[in-house]
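Enquirer: Quick one: this structure, given as structure tokens, is what I'll be asking you about.
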Amino acid sequence: MGVGAGGGLVARPRGARVLMPGRRAMRAGAAVATAPAPDGGTLVHRLASAPPLTLRQTGPSTVHLVSTAAGPLGGDRLSLDIDVAPHTTLELGSVAAGLVLPGHGTSEFLVTARVGAGARLRFAPEPTVLAAGCEHRLLVRLALAADAEVLWREEIVLGRHGERAGRCHARFDATRDGRPLLRQEFTVGDPALDSSPAVYGAARCVGTTFLTTPVKEPVVAEGVAVLPLAGPGTLVSALAADAVELRSRLEWGERAVRPA
């Protein structure tokens with residue numbers, strides 16, 4: 001609903017852009033860094049936040065991202081910097097799904113991560129939801145030492161219930177010891193492509209998990225593929241009708257790489 005010229009309530013069509021007159025685009029960055037603890041464990045020695053990106057330490061080597069403002073909205077530029085020191089461990093998640101909203105221009109979220117020698121990083125936030133009308137860029141730049149270990153999961157939901165997805169261009173760049181390990185791009189939000197059986201078909205969610213753990217052979221099941229990389233490494237890709245099914249398929253693929 002919205003407010004009409006006479007002060008009454010008027011219906012707003014589903015998927016209509018919700019703009020905030022006079023709102024300035026946000027520029028915000030957050031950062032987390034680890035250091036070796038005296039006992040040989042991990043010390044989270046830096047947490048820097050700026051709304052809407054707020055980091056909270058929730059365990060000895062665990063940090064969660066808490067959204068403290070709406071967005072990102074069109075025009076916003078957000079960044080997250082992750083530095084995992086050699087021989088330390090970091091697990092980074094989020095407390096809730098992220099909602100990308102429409103606005104004036106394209107929003108952007110840039111994640112830059114460095115993982116040192118013998119270090120381990122698990123990056124597994126909750127899904128990103130692309131609200132109708134949004135224009136978004138999701139950029140990941142991941143630099144790994146030769147023996148670093150990483151699990152990096154990304155999940156995208158194509159619109160809220162009953163609406164089409166906004167547009168999103170995602171790019172993932174990973175290097176190991178300075179050499180390219182994985183370069184991947186995908187785009188959602190083009191109805192002609194999203195509905196194609198050769199692209200997303202009837203799926204409403206798409207996700208990937210990148211792991212430095214190698215797998216010997218490809219594994220394929222309904223809605224999920226586990227593919228070895230030359231790096232070495234593994235890429236798990238999945239499509240699903242909803243976020244619960246997507247998470248289940250990605251975790252199935254991750255277990256195929258890392259048996260319990």
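Residues in the structure tokens are named by chain (A, B, ... in the order shown) and by number from 1 within that chain; ligands are numbered from 1 in the order shown.
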Quick one: everything within 7 Å of Ala203 (chain A), counting only C-alpha atoms, minus sequence neighbours fewer than 5 positions away in the same chain. Send it as an mmCIF file with N, CA, C and O atoms, in the first residue's frame.
Expert:
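Contents of part.cif, freshly written:
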```
data_model
loop_
_atom_site.group_PDB
_atom_site.id
_atom_site.type_symbol
_atom_site.label_atom_id
_atom_site.label_comp_id
_atom_site.auth_asym_id
_atom_site.auth_seq_id
_atom_site.Cartn_x
_atom_site.Cartn_y
_atom_site.Cartn_z
ATOM 1 N N LEU A 239 20.506 -26.136 -8.739
ATOM 2 C CA LEU A 239 19.274 -25.396 -8.989
ATOM 3 C C LEU A 239 18.178 -26.034 -8.139
ATOM 4 O O LEU A 239 18.209 -27.231 -7.872
ATOM 5 N N ALA A 240 17.185 -25.230 -7.746
ATOM 6 C CA ALA A 240 16.112 -25.774 -6.929
ATOM 7 C C ALA A 240 14.885 -24.881 -7.005
ATOM 8 O O ALA A 240 14.955 -23.717 -7.418
ATOM 9 N N ALA A 241 13.757 -25.449 -6.548
ATOM 10 C CA ALA A 241 12.505 -24.704 -6.549
ATOM 11 C C ALA A 241 12.420 -23.731 -5.382
ATOM 12 O O ALA A 241 11.704 -22.737 -5.462
#
```
Enquirer: Quick one: residues within 9 Å of region 51-63 of chain A, only C-alpha atoms counted, chain neighbours fewer than 5 positions away excluded, as number ranges by chain?
Expert: A: 26, 28-32, 34, 41-44, 68-72, 78-80, 88-94
Enquirer: Run DSSP on the backbone and give me the residues of region 78-215 of chain A it puts in alpha helix (DSSP H), as a list in words.
Expert: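 Taking region 78-215 of chain A and keeping alpha helix (DSSP H) only, one gets Pro191, Ala192, Leu193 and Asp194 of chain A.
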Enquirer: Which of these, A:Arg204, A:Lys216, A:Arg167, A:Arg77, has the shortest distance to Val244 (chain A) once you count only C-alpha atoms?
Expert: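 Counting only C-alpha atoms, the residue closest to Val244 (chain A) is A:Arg204.
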Enquirer: Could you give me, as a PyMOL selection string, the residues within 12 Å of Gly223 (chain A), counting only C-alpha atoms and dropping anything in the same chain fewer than 5 positions from it?
Expert: chain A and resi 199-208+236-242+245-250+252-253
Enquirer: Could you save those same residues with N, CA, C and O atoms as an mmCIF file, in the first residue's frame?
Expert:
```
data_model
loop_
_atom_site.group_PDB
_atom_site.id
_atom_site.type_symbol
_atom_site.label_atom_id
_atom_site.label_comp_id
_atom_site.auth_asym_id
_atom_site.auth_seq_id
_atom_site.Cartn_x
_atom_site.Cartn_y
_atom_site.Cartn_z
ATOM 1 N N VAL A 199 18.949 -22.994 -19.200
ATOM 2 C CA VAL A 199 19.560 -22.117 -18.192
ATOM 3 C C VAL A 199 18.984 -22.462 -16.819
ATOM 4 O O VAL A 199 19.479 -23.350 -16.138
ATOM 5 N N TYR A 200 17.908 -21.790 -16.373
ATOM 6 C CA TYR A 200 17.351 -22.045 -15.046
ATOM 7 C C TYR A 200 16.025 -22.788 -15.081
ATOM 8 O O TYR A 200 15.605 -23.344 -14.066
ATOM 9 N N GLY A 201 15.330 -22.787 -16.220
ATOM 10 C CA GLY A 201 14.062 -23.489 -16.314
ATOM 11 C C GLY A 201 13.061 -22.975 -15.289
ATOM 12 O O GLY A 201 12.853 -21.778 -15.132
ATOM 13 N N ALA A 202 12.451 -23.899 -14.547
ATOM 14 C CA ALA A 202 11.458 -23.526 -13.537
ATOM 15 C C ALA A 202 12.085 -23.255 -12.172
ATOM 16 O O ALA A 202 11.372 -22.957 -11.213
ATOM 17 N N ALA A 203 13.397 -23.340 -12.063
ATOM 18 C CA ALA A 203 14.066 -23.139 -10.778
ATOM 19 C C ALA A 203 13.898 -21.709 -10.284
ATOM 20 O O ALA A 203 13.911 -20.757 -11.066
ATOM 21 N N ARG A 204 13.767 -21.564 -8.968
ATOM 22 C CA ARG A 204 13.660 -20.250 -8.341
ATOM 23 C C ARG A 204 14.905 -19.903 -7.527
ATOM 24 O O ARG A 204 15.008 -18.792 -7.007
ATOM 25 N N CYS A 205 15.834 -20.834 -7.432
ATOM 26 C CA CYS A 205 17.044 -20.617 -6.638
ATOM 27 C C CYS A 205 18.236 -21.236 -7.360
ATOM 28 O O CYS A 205 18.114 -22.297 -7.976
ATOM 29 N N VAL A 206 19.370 -20.573 -7.248
ATOM 30 C CA VAL A 206 20.597 -21.080 -7.859
ATOM 31 C C VAL A 206 21.733 -20.888 -6.859
ATOM 32 O O VAL A 206 21.770 -19.895 -6.123
ATOM 33 N N GLY A 207 22.640 -21.862 -6.803
ATOM 34 C CA GLY A 207 23.725 -21.749 -5.843
ATOM 35 C C GLY A 207 24.961 -22.509 -6.264
ATOM 36 O O GLY A 207 24.908 -23.412 -7.115
ATOM 37 N N THR A 208 26.092 -22.134 -5.665
ATOM 38 C CA THR A 208 27.355 -22.824 -5.912
ATOM 39 C C THR A 208 28.133 -22.929 -4.605
ATOM 40 O O THR A 208 27.972 -22.102 -3.698
ATOM 41 N N VAL A 236 30.634 -27.177 -6.792
ATOM 42 C CA VAL A 236 29.298 -27.772 -6.677
ATOM 43 C C VAL A 236 28.301 -26.731 -7.164
ATOM 44 O O VAL A 236 28.292 -25.597 -6.674
ATOM 45 N N SER A 237 27.449 -27.092 -8.119
ATOM 46 C CA SER A 237 26.435 -26.180 -8.659
ATOM 47 C C SER A 237 25.072 -26.828 -8.509
ATOM 48 O O SER A 237 24.923 -28.038 -8.725
ATOM 49 N N ALA A 238 24.061 -26.020 -8.147
ATOM 50 C CA ALA A 238 22.733 -26.584 -7.927
ATOM 51 C C ALA A 238 21.643 -25.600 -8.319
ATOM 52 O O ALA A 238 21.828 -24.380 -8.245
ATOM 53 N N LEU A 239 20.506 -26.136 -8.739
ATOM 54 C CA LEU A 239 19.274 -25.396 -8.989
ATOM 55 C C LEU A 239 18.178 -26.034 -8.139
ATOM 56 O O LEU A 239 18.209 -27.231 -7.872
ATOM 57 N N ALA A 240 17.185 -25.230 -7.746
ATOM 58 C CA ALA A 240 16.112 -25.774 -6.929
ATOM 59 C C ALA A 240 14.885 -24.881 -7.005
ATOM 60 O O ALA A 240 14.955 -23.717 -7.418
ATOM 61 N N ALA A 241 13.757 -25.449 -6.548
ATOM 62 C CA ALA A 241 12.505 -24.704 -6.549
ATOM 63 C C ALA A 241 12.420 -23.731 -5.382
ATOM 64 O O ALA A 241 11.704 -22.737 -5.462
ATOM 65 N N ASP A 242 13.132 -24.015 -4.282
ATOM 66 C CA ASP A 242 13.100 -23.123 -3.128
ATOM 67 C C ASP A 242 14.432 -23.186 -2.394
ATOM 68 O O ASP A 242 15.294 -24.016 -2.698
ATOM 69 N N GLU A 245 15.382 -26.569 -0.546
ATOM 70 C CA GLU A 245 15.847 -27.607 -1.460
ATOM 71 C C GLU A 245 17.235 -27.274 -1.997
ATOM 72 O O GLU A 245 18.087 -28.157 -2.144
ATOM 73 N N LEU A 246 17.480 -25.999 -2.270
ATOM 74 C CA LEU A 246 18.803 -25.597 -2.761
ATOM 75 C C LEU A 246 19.876 -25.922 -1.734
ATOM 76 O O LEU A 246 20.911 -26.504 -2.077
ATOM 77 N N ARG A 247 19.650 -25.545 -0.467
ATOM 78 C CA ARG A 247 20.638 -25.831 0.576
ATOM 79 C C ARG A 247 20.874 -27.334 0.702
ATOM 80 O O ARG A 247 22.026 -27.793 0.842
ATOM 81 N N SER A 248 19.812 -28.117 0.619
ATOM 82 C CA SER A 248 19.952 -29.569 0.725
ATOM 83 C C SER A 248 20.813 -30.119 -0.406
ATOM 84 O O SER A 248 21.679 -30.985 -0.184
ATOM 85 N N ARG A 249 20.604 -29.631 -1.610
ATOM 86 C CA ARG A 249 21.376 -30.132 -2.751
ATOM 87 C C ARG A 249 22.841 -29.703 -2.674
ATOM 88 O O ARG A 249 23.747 -30.491 -2.982
ATOM 89 N N LEU A 250 23.083 -28.470 -2.262
ATOM 90 C CA LEU A 250 24.470 -28.027 -2.129
ATOM 91 C C LEU A 250 25.191 -28.824 -1.044
ATOM 92 O O LEU A 250 26.345 -29.242 -1.227
ATOM 93 N N TRP A 252 24.510 -31.818 -0.079
ATOM 94 C CA TRP A 252 24.733 -33.171 -0.613
ATOM 95 C C TRP A 252 26.014 -33.182 -1.452
ATOM 96 O O TRP A 252 26.850 -34.093 -1.332
ATOM 97 N N GLY A 253 26.166 -32.166 -2.312
ATOM 98 C CA GLY A 253 27.365 -32.091 -3.130
ATOM 99 C C GLY A 253 28.620 -31.891 -2.304
ATOM 100 O O GLY A 253 29.678 -32.466 -2.599
#
```
Enquirer: I'd like the interatomic distance between CA of Leu142 (chain A) and CA of Asp177 (chain A), to a tenth of an Å.
Expert: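 Distance between the two atoms: 10.9 Å.
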